Structure formats: structure tokens, C-alpha cells
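Here the structure comes first, spelled out in C-alpha cells, and everything after it is commentary.
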Amino acid sequence: MATPEVESETEDQQPDLSYLTVKQEFKDRNTSNQRPSKIAVFLKWVITLIFAGIFLASLVVNKLTLFGLVNGLKAEKDATVLNYQAYCMCFVLLLTPNILSLLRSLWNITGWGHLPWPNKKRVGLIALSAALESVGLFIVLFKTLTSGSTIAGVSAMQFGFIIPIIFYTIKGNRVFRPLSFLSIIIMLAGSGLIIFIYIKESRSEAWALVGVVVVFLSMFPYLNNKIFKMEKPTAPNHRQDTQSGSINHDGSDSSEPLMQGSSSTISYHTFHSSSSSNMTGIKNVTPDGNNTPPDNASAWKVVLISAFFKIVMIISAIFILFAMKKMNFQDAWDLGWNWSTSDKTCRLVIAHIAASLVAYVTAVFACRTCIDRGAFLMPLLLSSPVVYILLVLSRSCKWLETFLDQPSMFCANSVNVEYSVWAMVCATLSIWLVYGRLFWCLKRQVLLKETQLFWYPTYNSVMLEQWMFLNKKSNIEQEKYNNDASRRNDEKTRVYICTTMYRESRKEMQQLLDSIQKISQVTSAKICFESHIFLDGAVRENKMTEFALQLIGLLNDALHINDVLEGTKTWTPYGLKLSWRLPGPNKMIFCIHLKDSTKVKKKKRWSQIMYMSYILDFLSKQHVDRYGNQFDTNNFILTTDADVQFTPESVEALLDLMLRDTSVGAVCARTYPLGSGPVVWYQKFEYAVGHWFQKAAEHVLGSVLCAPGCFSVYRCSALRKILPKYASSVERAFDFLIKDMGEDRWLCTLMVQNGWRIEYCAASENGTYCPEEFEEFYKQRRRWIASTLANSLSLITNWNLIRNSNHRISYLFCLYQIILLVSTFIGPSTVIVIVAGGLAYAWDINIVISVVLQVFVCVIYAGICLFRNEKWQMQSGKLITFLYAVVMAAVFVGLLERIAKEIIGITSDIGEIVTTTTVKPTIPPGVISSHFPVSFVTLYLGIMCAIFLITTLLHPYDFTCLLNGFTYLLCLPSGYFVLNIYSIVNITDSSWGTREEKKHNSVKPQWTWYKNLLKVMKQVLCCFDRNKTSEDSGLVTPDDSGEESDSDIVPEDFDSDKEDTDNEEQKNSDEDSENKQKPPNVEKWLPKGMKKYARVFIKNGFENTYFLGMLTETDLKRLGIKKLAHRINLYQKIRDIPKFTIPVAVPKDPNSWLHSLGLEMYKPNFQRNNIKSAQDMEALKSFTKNDIKEELGIRKAGKMYLSLRWTFTGIL
């Protein structure tokens, strides 16, 4: 396929806006197609109803048990025991929420002591709020609720709502002002009725209603807003960020575009670091655009101070109350804490505390999952009316008196019940008009944290319902934050899909392009997508390689680009850029950047640096916000591998986390390995466990440390600050491990060092092909293990400095990383101990013997890795893996047998005949106790199985991954013992491991002894005679030299992807290539005195100098030319021979193609394999060396090499 001749792109070309009329049509159709299924809607309703019932029941139980405890406070003074117990239990109710808050806040701020504490003014406000709440709750609990009847107390708790209702009427929407004024009038009427009831029931104690007002003042929204006030950040200096973030250190103007549409006007800077870089170490950097919501350690410090003040004030109030009641403190301590679960008061306390906790947890879940309208708001509005109905109705109230063991005064008094009913109706209606409308119209986001949902992430068990209403944040309190967030949301989000590609197969490229095609069909008014593919080694000498042509050949089928020639072509200093507008509602830009390895550095890290600089220094400057500033906060780079599979829903899930919090620098997704075979099965379970536990743990404890480049989203403003450091070259040995062995891990380490948080999104899924062969898997993990160890060491050794710039790196997070690092180092020894212990437990094998044997295997394999080549290492690794798999299978079977015996409780063998005599089963040795006849091993395995089973139930779509756990168990010693040894010994290996180009030798090394022995045996045994086999198979095996020749000199590790065979070294064939002068015969070409070597050349298929120029001096030695002077002379003469090239063109037919290559003698073999047309020759691209040898009968080394080159590079 020839290079597409297309027109160059001009700078003045205006974007095509004709697609805007089509956009609305696609949007309507897409919107209808994206409606949730009926099953999803049904399940959401069911879950909402379930949690609404749980929340409502918890609120009702909380109120009823509270009034049951209050009735104990109304006991006569001579009943000192009951009176003291009631007082002490009420103190427990007051202290329990604050003690839990104190412990939670200490946990959440551990390691973040360097963050600033609230200033004196805010501490004073916190103390004022805590004092008002503590004093108010004391008055409510010990005076307000004890002064009147039970139904009067239910109405009295609503008395204070008049204060926030007036506040929301003033601050709320003017459209609803008439309803708000109406609610004030109704609430005033209800409050008047409540005052009237209390005056009528107890004129001297009506002042106790002040306690309710004091509690509401402590939870006043205005006061909370002052305490948790968020400082407005200064606008980021984008010009300064751009200059500091550029990787150009030559003193040139950083505003100059990195890449232009025309090579004549381009000013391109190579990716080299300089000592003048302003980012040589860890900096104390605040993330760009960091309008941090109150979900941080500072909010928990406010909670800590508040809980401390409340505990101190409550304890102080206890002594004051005892002094006022003239109660003996010693008697109260001795009698009040004499509890028993048989006492009704103790059961009420337990039920009250449990109901309060369940109610708060359910409320948090409902708000986080955005089912708060049905599962949070409605139960709150209905809880007080439900309690009131239960107390007013005589039958239900009598049942409650019996169930709660309460006196007759618990039920409603017929004298004041009518006034109480009207007071409750007025209060409920007023609350519905204000809070019902306020929370119903609340702006919602999924999976917000507690500190984003509530002012204080805690609860108040005495006035739980009222606390929920006032503690829940609304749009009015967050107006400032929402305005800043809306300003960011008004900016159009731009997502650049950047893919690094090297030598992927056709199937892998097709999978990526299919995913991009799905993105191109997405309609969104606020998100703009662009796709850029960077292909390494794709161009040389202005000619495309086979992989570039293969990628372009897929555009029609995958992306529906009908005419590839309609795109634009731009020659750039790095190679070639091809771009198209994809069909679809958004006309998404799709670009392929073909890199020339002779002009820019290759490998993945340098491709990443290239597209990051291209986007930050060029593309992002083309788009500014409405103020004329470059705005990177809503610009993102979606990094993908060339074989990844993803959906628009997965991209949306990643962007959702990025847009809600500007302190997040990157988000990674759940990766599913694709492929088949035992190695893939092992990786499927390993990936599942890694995401279930490690990624989730890092996300919760601090920050994810690796966002894989296969599918992750990065914020442009975060990359701008770390790009100069990321683009630095390797200067030390340790830099090599960090930078070149795991570029994704190092990029994330730099982001964490500079204050950014990396999150994990389990809702976003992607699939990528993983290594299917043992060798490729070991080589890949050799890089990963070295990089992980190096970056972990760097993080732990510098954690003090990192904590100064990133408050998410706490002591607990560092301790977790230290545990992981230590576990990696002791992995081999742990495997030895586990296997030895398993053999001893299951089969009674001596532990010392098994340990000594495993240590011996360890030493032997380490020696092989040190002194033998890679082939020896892999073969011995496979052997050890197989042996360990057999051992692990035996251990597994033995453990199952022992566990079965323990469960059954007998010591006889499974096959033993059961006699008629009843024998008392004996207790197996090693069990925990006679009442629990299970050993610690069985208990441990049971707990582990339960953990994995529960985790799988929480991830039902990953259930199939659990089935691969048996493969993982068998290969566990290989992954933690053999692989670690291989990685550490080969730590200096700089090869990539996957899709690695292999150095080509046209001469194969000498065969090993067992292959030579096999060759002799085949010649001795007639059944393996090669001539006979060749004749029987019907293959034509030409023998130009009169004797059979092997392909001994064809390299066994021949790689069809070798860079030297790229199409840039090949010339397009002319139609008259057959008429060209044939090269001279090798015998004529040899100088005098060396004619004797003609037989050697001809035997190996080098009849002429057609492709003799590929031989090296080493190849000549392996051919059998032993004299050094002869080899040097011949090599000098060979260097003058031009290298053999194969034309890049589609052949007319196999016959003409073979004739042009000098392989016409193999035409019968091609016809026998039904290869008779150019279309049939497409199948040859999948032929290996052995296929060519066995199917086509091409055995001579020279012709074998020619056919391999022809197979993989000639047919396109």
C-alpha cells in the first residue's frame, strides 16, 4: 500500500460547524437510547423503599426509647436506685456520639498534624456551638421532656424550627417567598399552641422550652457556615504555570507552539532535560485550581475540637446537676452503674444507641447514593407524625406501654391531646413547606463524602431528627462553593485520547479503533474529544513501515473513514502527522502521529512526553476560557494502550471523579486482562485481587500510587507542573529503575509528591491483552517488580518531605507501604515456609527436609540466572513452576482431607468400613478446643475463603475471576518465589519484555547437545528419514548443491517485527523488475584463494549475492570460515554489496512474486497449499519459521531468511 497523497493542512483553515445541525438529532436519539432499563428502575425503587423503612423504623425506635428513659427520670426521689440508673444512662446517651466522633476524628487526622488548625476566632465559634448544644440538650433531656406529657414532648422538639425557617425564608428563592411566609405563620401558630400546653400542664416549668431553642441555635446554618468557611483560592497564574511546566529549557519563548500544521513554520524542541530545570526535587505545590471542598483533614480537626468541648461540658454538667439535685455522687456512682441486661432501662439504652447508629449510617448511605428523596427526606418528614399517631391511638399506646414496660403516664393525656394534635399538624406542615421543598430540589452528586454531605460527620441521639434536618448541607449554605464549581462546569471539558503504539497486531489495533469509534458517536454539549495515536518507528526516510500501513488499512472498517485520502498530511520534525474528521455528531478529530526513530527518542515514556508537551504547549493554547485565560483544570488526557477496549460509560465514570474535585490529578479504572491460557488465568485472579484490595486500600488510606497508562485520565494542570521532571534523562543507576522500568508508576509518584491525589474508579472498566506466554509474562513482571520496589523506596525515604506537600500521605498510609515493601522482600522465604508447613500439616513431611530442598532450589535457580543465558533461565523457571504446582496440588488435597476429618470429628480414614459398634469419635490433634474442634489452619483458610467469597458477592460481575483462584494457588510459589529471584538477578536488564525487537543474526548459533543427538537419531531411524518424509509429503525440496541442507543458520529467535526489516529500507518495485540484471554467482564473486568457501555458501542457500549483504563477521564464523584474515577480507567485500530490499507492493500473483525473488523453484509447494492468487498470499503473514519449513519446503538458511522477510514485509 502506497503512502496516501493528501493535501496539507493550512493554518487558516476554519473548523467545520456544519455538523451542529446534526448534533441535536443525534443527541435526541442517544438520550432515548440511554434511558435506564426497567429492571434498574425497579431495583432502585426496591432499594429506596427498603432503606426508607429501615431509616423510618430507626427514627421511631429512637424517639420511643428516649421517652421510655425519660419516664425513669420522673420517678420519685425515694426510689434512688432507679433514679440513679436513669440519670447515668442518660449521661451515656449524651456522651456516646461525642466519644465516637472524637475517635473517628483522631483516626482521620492521624499523620496530618502539619495541616493548620482552626484559628482562634474559629475555635471560639466551635466552643460556642459546643456549649450551646451541650447546655441545650441537658435542659431538653432533664427538664423539657420531664415537665410535660409524652405527646407534649414530641411537639416541643419541633418548637425551635421557627429559627431556621425564618433564615431560609430570607436566604431562599424569591419565587417561593409566599410559601415561606405562610410556613412562618403556621409555625408561629404551632409554637403558640406548644407554649400553651406547657403552661397548662406545668406553669412553673414552661421556661424549659428555652432548651429546645438553645439547641437549634447551636445548629444554626449561619454559625456552621462561619465555622466551616472555605477560603476562596487565588486565581492560578496560567502564564506562569505554562512557562514553568514547559519542557523547553533553551530560553526560547514558551508561548511558541511546539508543533504547527506546516513544517515550514514550526519551531520544534527536542525532549531533553537540562540542569536549569526548575523542578529538580519535591516541591510544596498546591494543586492548580484547588478550591478544596471541606472533605479534608481540617474538617475533621473541627470535629475533634467540637467533640472535645462537648465531652468536657457534659461531664462538668453532670457534677453541676448532682449538686443542684443534692444527690450524693458516691451513691450515684455505686448505684447508677449497677446495670444488668435483664433491667428494662438497660435494654432501652442499648436499643436507643443501636437505633441512632443505624439511622445515621442509613442516612449517609441514602445521601451518598442519591436516593435521599425517598430514603432520607420522606422518613424524616414522617417520623414525628408516626410517633405521635402511635402515642395518640389507645390500642397502639397500650401495646407500647406493655412492650416497653412503661407506666400509664406514657400514653396521651385526653385533656391536652386536641391541642397537641393541632400543634403537631402546624409544625409538620411548616417543616414540609420549607425543608421538604429545600431538600427535594437539592443538587445531587453520587458518592459524596460525609464532610461534603453534613456539616458535622456525626449525630445527636437525643434530637436525632432535628439534627438531621439542620446538619444536612443545602445549596444555600454551599452557595459560594457551588458558584465556583459552576464556573468550572461552564468551561467546556476537553479530553485528549492519547495512545502509544509500537508493534501491535491487527486484532489489537482493531480493538482500540472500535473503542474510539464508540467515543466519536457520543453527543455532549460540554465535552469535546480528540484522539491522537503515537506510533513508534513508523517512518524512516519518508516511508511508512508495515505497522503504520496496517493501522491505516483498518481505518475504513473500524472508524468508517470511507476515503483515507480525504485526510490531511503534515511532515513534522518527528516524522509524519495524518489527521481526519471522524463521521458522527461531533466530527471528532482523529490524528495519527508517525514517529521516526532517527529523529526522536522511542519507547513509551518518550512518546508520553511527546504527546503531553504537544497538548500542553500547543493544543491547550488554542482554547481559552471566557476570561481569555488558558484553563487547564477542565482539560484532561485519557491515556490508553494500543490494545485497550473501553466504552463511553467508562470514560464518563473517570471524568465524573475528576470534575467533582479539582485536587484529583488522575483517576484509574478497573482493568480486565484479555487472552487465553493458564498464564492469563493466573493474571485474571491477580488483577481482580489487586483491584479489590490494594487499589481500594490505597484509595481509602491516601492515594493510589499507580494509574496505569493502559486506561487512566490525567489532569492537564497536574501534568504541567511535573512534566519537566518526568522528561529528565537517566543519570544514575537508581534513575534507570524508576524512570525506564515503570514510567506510569514514576509519573504517579511525581504527582503524589507534588500534592495531587490519585483515585480509583471501580465503575470504570477496560480490557487489555496480557502476556499469554510464560517468557513474556516473566519479562513484563521483571520490569514491574523493579519499578515498584524503586518507587516504593523513594516514597518511603522521602515521606517527610512528601507529607509537607500532600496531606493525604499519612502515617498510616506510609506504614501500609512499608508493610507491602517488606512483604515483597520476604516473599520467597514466606513461600518456603508456607509450602513446608502445608506439606507437614497435610502429609506429615519433615519441615526441615522440605525447607532445605526449597532453599537448594532457590540457590540453584539464582545461579542459573546469574551465569546462564535467558533461555536457560526460562526453561528452568518453567520446570520449577511445574514442580511447585504439583506440590501445591498435593498440599491442597491433603488440606482438604484434614479439614474434612476435623469437621466430621473422626480420625479414621475416609475409606474405612463403618462398624456397627458405636465408637466415640476422638478429637484430632491441633484443634483449638474440644468445644470447637477446628485447628487454626482450618480457621485461617475458612476466614480467607470467606473474605474472597464476600468480596466476590460485592463484585458480582467479577465472579468468574474467582474460578481462576485455583490456578493462582498452584502458581503462587512461581509468582512470589521464582519470579522475585528472576527479577532481582536480572535487575540490570533494560529490555522491555513485551513486543521487544530482537537483534537479527542471519546465522544461527550452534545447536545444543540434545538437538544434535536428536538429529543423529532421526538419521539413524528410517522412519525419520528426511528425504522420505519430504517425498511422502509431496514437497519439492530443491538441492542446488547436490546435497540436503538444513536451516541451521536461520536464527531461532527471528523476529518478524525487527526494526531493520522496516519498510523504510525497501524500495518500491518496478513492473520491469524481472528484466533487471541478475547478481553474480557467489563462486564468481569470491576472490582467488577463497573459492573453496563457495560450497559453504551454496549449502546454506547463498547461491548468489542477491542477499549476501546481510551477513556479518560473526555469521561468517558460524558458517565455518575459521581463518580470521579470510573472514575480515570477506566481510570487507560483503560490505560493498548493497543490502537486499523487498518491494512494498501488492503482488499480482505468487508466480511472478516468487520469480522476482529467485524462489521460483517453490511454485509447486505454493500451489499444493492452495496459494494461487494475491488474496491467498495474505495467509502467509501468519506463517512462522516452522510453517515455512514444513508447509512450503523452504529449508535452506538463505532462502528461509528471504522467505521470512518476504512473508512479513513484502505482502501488504
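Here, A, B, ... name the chains of the C-alpha cells in the order displayed, residue numbers run from 1 inside each chain, and ligands are numbered from 1 in the same displayed order.
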*Got a sec: who's within 10 Å of A:Val123, counting only C-alpha atoms, leaving out chain neighbours fewer than 3 positions off, as a list in words?*
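Near A:Val123, the qualifying residues are Trp117, Pro118, Asn119, Lys120, Ile126, Ala127, Leu128, Ser129, Ile227, Val302, Ile305 and Ser306 of chain A.
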*asked:* Can you pull out every residue from stretch 427-542 of chain A that DSSP, working from the backbone, puts in helix (DSSP H, G or I), and format the result as a ChimeraX atom specification?
replied: /A:427-440,450-453,464-471,479-490,506-520
Using C-alpha atoms, can you write the selected residues to a file as a PDB file, in the first residue's frame?
```pdb
ATOM      1  CA  ALA A 427     -45.236  22.134  62.907  1.00  0.00           C
ATOM      2  CA  THR A 428     -45.271  19.258  60.402  1.00  0.00           C
ATOM      3  CA  LEU A 429     -46.912  21.318  57.669  1.00  0.00           C
ATOM      4  CA  SER A 430     -44.446  24.172  58.160  1.00  0.00           C
ATOM      5  CA  ILE A 431     -41.469  21.808  58.021  1.00  0.00           C
ATOM      6  CA  TRP A 432     -42.835  20.181  54.879  1.00  0.00           C
ATOM      7  CA  LEU A 433     -43.217  23.554  53.139  1.00  0.00           C
ATOM      8  CA  VAL A 434     -39.641  24.635  53.892  1.00  0.00           C
ATOM      9  CA  TYR A 435     -37.395  21.610  54.361  1.00  0.00           C
ATOM     10  CA  GLY A 436     -39.369  19.352  52.067  1.00  0.00           C
ATOM     11  CA  ARG A 437     -39.001  21.788  49.174  1.00  0.00           C
ATOM     12  CA  LEU A 438     -35.393  22.627  50.098  1.00  0.00           C
ATOM     13  CA  PHE A 439     -34.129  19.037  50.207  1.00  0.00           C
ATOM     14  CA  TRP A 440     -36.284  17.858  47.320  1.00  0.00           C
ATOM     15  CA  GLU A 450     -19.699  12.642  54.898  1.00  0.00           C
ATOM     16  CA  THR A 451     -17.986  16.007  55.248  1.00  0.00           C
ATOM     17  CA  GLN A 452     -19.499  17.042  51.927  1.00  0.00           C
ATOM     18  CA  LEU A 453     -22.998  15.931  52.928  1.00  0.00           C
ATOM     19  CA  LEU A 464     -31.763  12.924  66.032  1.00  0.00           C
ATOM     20  CA  GLU A 465     -34.491  14.003  63.617  1.00  0.00           C
ATOM     21  CA  GLN A 466     -33.869  17.693  64.192  1.00  0.00           C
ATOM     22  CA  TRP A 467     -30.095  17.161  63.925  1.00  0.00           C
ATOM     23  CA  MET A 468     -30.509  15.515  60.521  1.00  0.00           C
ATOM     24  CA  PHE A 469     -32.556  18.423  59.225  1.00  0.00           C
ATOM     25  CA  LEU A 470     -30.140  21.131  60.376  1.00  0.00           C
ATOM     26  CA  ASN A 471     -26.846  19.262  59.893  1.00  0.00           C
ATOM     27  CA  GLU A 479     -23.595  28.890  47.504  1.00  0.00           C
ATOM     28  CA  LYS A 480     -20.008  30.124  47.351  1.00  0.00           C
ATOM     29  CA  TYR A 481     -18.600  26.688  46.629  1.00  0.00           C
ATOM     30  CA  ASN A 482     -21.313  25.929  44.101  1.00  0.00           C
ATOM     31  CA  ASN A 483     -20.687  29.226  42.316  1.00  0.00           C
ATOM     32  CA  ASP A 484     -17.015  28.380  41.936  1.00  0.00           C
ATOM     33  CA  ALA A 485     -17.883  24.867  40.829  1.00  0.00           C
ATOM     34  CA  SER A 486     -20.434  26.147  38.337  1.00  0.00           C
ATOM     35  CA  ARG A 487     -17.827  28.495  36.915  1.00  0.00           C
ATOM     36  CA  ARG A 488     -15.599  25.492  36.272  1.00  0.00           C
ATOM     37  CA  ASN A 489     -18.504  23.499  34.876  1.00  0.00           C
ATOM     38  CA  ASP A 490     -19.346  26.302  32.474  1.00  0.00           C
ATOM     39  CA  ARG A 506      -4.080  -6.280  13.618  1.00  0.00           C
ATOM     40  CA  LYS A 507      -6.590  -7.606  16.155  1.00  0.00           C
ATOM     41  CA  GLU A 508      -5.263  -5.361  18.910  1.00  0.00           C
ATOM     42  CA  MET A 509      -5.347  -2.265  16.718  1.00  0.00           C
ATOM     43  CA  GLN A 510      -8.879  -3.117  15.651  1.00  0.00           C
ATOM     44  CA  GLN A 511      -9.989  -3.299  19.272  1.00  0.00           C
ATOM     45  CA  LEU A 512      -8.624   0.176  20.037  1.00  0.00           C
ATOM     46  CA  LEU A 513     -10.164   1.737  16.942  1.00  0.00           C
ATOM     47  CA  ASP A 514     -13.549   0.204  17.754  1.00  0.00           C
ATOM     48  CA  SER A 515     -13.413   1.859  21.168  1.00  0.00           C
ATOM     49  CA  ILE A 516     -12.505   5.224  19.648  1.00  0.00           C
ATOM     50  CA  GLN A 517     -15.367   4.851  17.209  1.00  0.00           C
ATOM     51  CA  LYS A 518     -17.815   4.478  20.102  1.00  0.00           C
ATOM     52  CA  ILE A 519     -16.462   7.677  21.653  1.00  0.00           C
ATOM     53  CA  SER A 520     -16.913   9.532  18.369  1.00  0.00           C
TER      54      SER A 520
END
```
_I need the residue nearest A:Leu674 from this list: A:Asp643, A:Ala696, A:Val891, A:Cys770. Use only C-alpha atoms for the distance._
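The answer is A:Cys770, which sits nearest to A:Leu674.
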*Taking into account only C-alpha atoms, which residue in the set A:Arg670, A:Lys604, A:Lys1163, A:Arg494 is nearest to A:Tyr714?*
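The shortest atom-to-atom distance to A:Tyr714 comes from A:Arg494.
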_Near-stretch 534-544 of chain A list (6 Å; only C-alpha atoms; drop same-chain fewer than 5 positions) as a ChimeraX atom specification_ = /A:500-502,593-597,602,1064
*Looking at A:Thr570, A:Ser764, A:Gln521, A:Thr169, which one is nearest to A:Pro585, with distances taken over only C-alpha atoms?*
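Closest to A:Pro585, using only C-alpha atoms: A:Gln521.
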*stretch 611-787 of chain A: which residues are strand (DSSP E) by DSSP, as a PyMOL selection string?*
chain A and resi 635-641+645-646+664-674+711-715+757-769
*asked:* So that I can check the surroundings of A:Met187, please list as a ChimeraX atom specification every protein, DNA and RNA residue that reaches within 8 Å of it, counting only C-alpha atoms and ignoring chain neighbours fewer than 4 positions away.
replied: /A:161-162,183,191,426-427,430
*For A:Gly1120, which residue among A:Val835, A:Gly567, A:Arg1135, A:Asn1100 is the nearest when counting only C-alpha atoms?*
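Under the stated criterion, the closest residue is A:Asn1100.
Separating atom CA of A:Ile320 from atom CA of A:Val135 is a distance of 11.4 Å.
The shell of residues at most 9 Å from A:Arg803, with only C-alpha atoms counted and near chain neighbours (fewer than 2 positions) removed, consists of A:Gly111, A:Trp112, A:His114, A:Gln753, A:Gly755, A:Asn798, A:Trp799, A:Asn800, A:Leu801, A:Ser805, A:Asn806, A:His807, A:Arg808, A:Ile809, A:Ser810.
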Could you dump the residues just selected with N, CA, C and O atoms as a PDB file, in the first residue's frame?
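out-v1.pdb written:
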```pdb
ATOM      1  N   GLY A 111      -1.414  11.572  61.286  1.00  0.00           N
ATOM      2  CA  GLY A 111      -0.394  11.819  60.274  1.00  0.00           C
ATOM      3  C   GLY A 111      -0.532  13.138  59.557  1.00  0.00           C
ATOM      4  O   GLY A 111       0.314  13.482  58.737  1.00  0.00           O
ATOM      5  N   TRP A 112      -1.597  13.883  59.822  1.00  0.00           N
ATOM      6  CA  TRP A 112      -1.818  15.156  59.144  1.00  0.00           C
ATOM      7  C   TRP A 112      -1.718  16.335  60.106  1.00  0.00           C
ATOM      8  O   TRP A 112      -2.400  17.336  59.981  1.00  0.00           O
ATOM      9  N   HIS A 114       0.562  18.393  60.394  1.00  0.00           N
ATOM     10  CA  HIS A 114       1.196  19.579  59.830  1.00  0.00           C
ATOM     11  C   HIS A 114       0.183  20.533  59.208  1.00  0.00           C
ATOM     12  O   HIS A 114       0.515  21.684  58.918  1.00  0.00           O
ATOM     13  N   GLN A 753       3.994  13.392  44.987  1.00  0.00           N
ATOM     14  CA  GLN A 753       4.992  14.256  45.609  1.00  0.00           C
ATOM     15  C   GLN A 753       4.635  15.724  45.498  1.00  0.00           C
ATOM     16  O   GLN A 753       5.015  16.523  46.356  1.00  0.00           O
ATOM     17  N   GLY A 755       1.564  17.006  45.610  1.00  0.00           N
ATOM     18  CA  GLY A 755       0.329  17.385  46.271  1.00  0.00           C
ATOM     19  C   GLY A 755      -0.948  16.919  45.633  1.00  0.00           C
ATOM     20  O   GLY A 755      -2.031  17.258  46.114  1.00  0.00           O
ATOM     21  N   ASN A 798      11.466   9.521  51.414  1.00  0.00           N
ATOM     22  CA  ASN A 798      11.185  10.957  51.337  1.00  0.00           C
ATOM     23  C   ASN A 798       9.798  11.302  51.865  1.00  0.00           C
ATOM     24  O   ASN A 798       9.251  12.355  51.530  1.00  0.00           O
ATOM     25  N   TRP A 799       9.223  10.428  52.665  1.00  0.00           N
ATOM     26  CA  TRP A 799       7.830  10.642  53.040  1.00  0.00           C
ATOM     27  C   TRP A 799       7.649  11.888  53.907  1.00  0.00           C
ATOM     28  O   TRP A 799       6.589  12.514  53.891  1.00  0.00           O
ATOM     29  N   ASN A 800       8.651  12.281  54.674  1.00  0.00           N
ATOM     30  CA  ASN A 800       8.526  13.514  55.463  1.00  0.00           C
ATOM     31  C   ASN A 800       8.368  14.731  54.565  1.00  0.00           C
ATOM     32  O   ASN A 800       7.559  15.627  54.830  1.00  0.00           O
ATOM     33  N   LEU A 801       9.158  14.776  53.493  1.00  0.00           N
ATOM     34  CA  LEU A 801       9.038  15.886  52.547  1.00  0.00           C
ATOM     35  C   LEU A 801       7.727  15.811  51.778  1.00  0.00           C
ATOM     36  O   LEU A 801       7.110  16.837  51.490  1.00  0.00           O
ATOM     37  N   SER A 805       3.826  18.488  51.328  1.00  0.00           N
ATOM     38  CA  SER A 805       3.145  18.955  50.123  1.00  0.00           C
ATOM     39  C   SER A 805       1.868  18.188  49.839  1.00  0.00           C
ATOM     40  O   SER A 805       1.057  18.637  49.021  1.00  0.00           O
ATOM     41  N   ASN A 806       1.675  17.044  50.483  1.00  0.00           N
ATOM     42  CA  ASN A 806       0.478  16.234  50.233  1.00  0.00           C
ATOM     43  C   ASN A 806      -0.043  15.725  51.575  1.00  0.00           C
ATOM     44  O   ASN A 806       0.514  14.789  52.151  1.00  0.00           O
ATOM     45  N   HIS A 807      -1.106  16.327  52.073  1.00  0.00           N
ATOM     46  CA  HIS A 807      -1.620  15.953  53.387  1.00  0.00           C
ATOM     47  C   HIS A 807      -2.284  14.588  53.389  1.00  0.00           C
ATOM     48  O   HIS A 807      -2.620  14.059  54.443  1.00  0.00           O
ATOM     49  N   ARG A 808      -2.486  13.987  52.207  1.00  0.00           N
ATOM     50  CA  ARG A 808      -3.117  12.665  52.149  1.00  0.00           C
ATOM     51  C   ARG A 808      -2.145  11.543  52.488  1.00  0.00           C
ATOM     52  O   ARG A 808      -2.560  10.420  52.736  1.00  0.00           O
ATOM     53  N   ILE A 809      -0.858  11.843  52.462  1.00  0.00           N
ATOM     54  CA  ILE A 809       0.149  10.833  52.813  1.00  0.00           C
ATOM     55  C   ILE A 809       0.314  10.851  54.321  1.00  0.00           C
ATOM     56  O   ILE A 809       1.111  11.612  54.871  1.00  0.00           O
ATOM     57  N   SER A 810      -0.444  10.026  55.004  1.00  0.00           N
ATOM     58  CA  SER A 810      -0.452   9.990  56.461  1.00  0.00           C
ATOM     59  C   SER A 810       0.503   8.927  56.970  1.00  0.00           C
ATOM     60  O   SER A 810       1.093   8.158  56.207  1.00  0.00           O
TER      61      SER A 810
END
```
*asked:* I'd like the contact shell of stretch 1121-1128 of chain A - 10 Å cut-off, only C-alpha atoms, skipping same-chain residues fewer than 4 positions apart - returned as a count of residues only.
replied: 13
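Pairwise distance (atom CA of A:Thr493, atom CA of A:Thr633) equals 8.8 Å.
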*May I ask which of the residues A:Cys346, A:Ile987, A:Ile314, A:Met588 is the closest one to A:Ala733, counting only C-alpha atoms?*
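Closest to A:Ala733, using only C-alpha atoms: A:Ile987.
Closest approach to A:Ser58 among A:Ala359, A:Met888, A:Ile943, A:Leu348 is made by A:Ala359 (distances from only C-alpha atoms).
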_Within 7 Å of A:Pro97 using only C-alpha atoms, minus same-chain residues under 4 positions, as a list of chain:residue names_ = A:Ser101, A:Thr458, A:Tyr459, A:Asn460
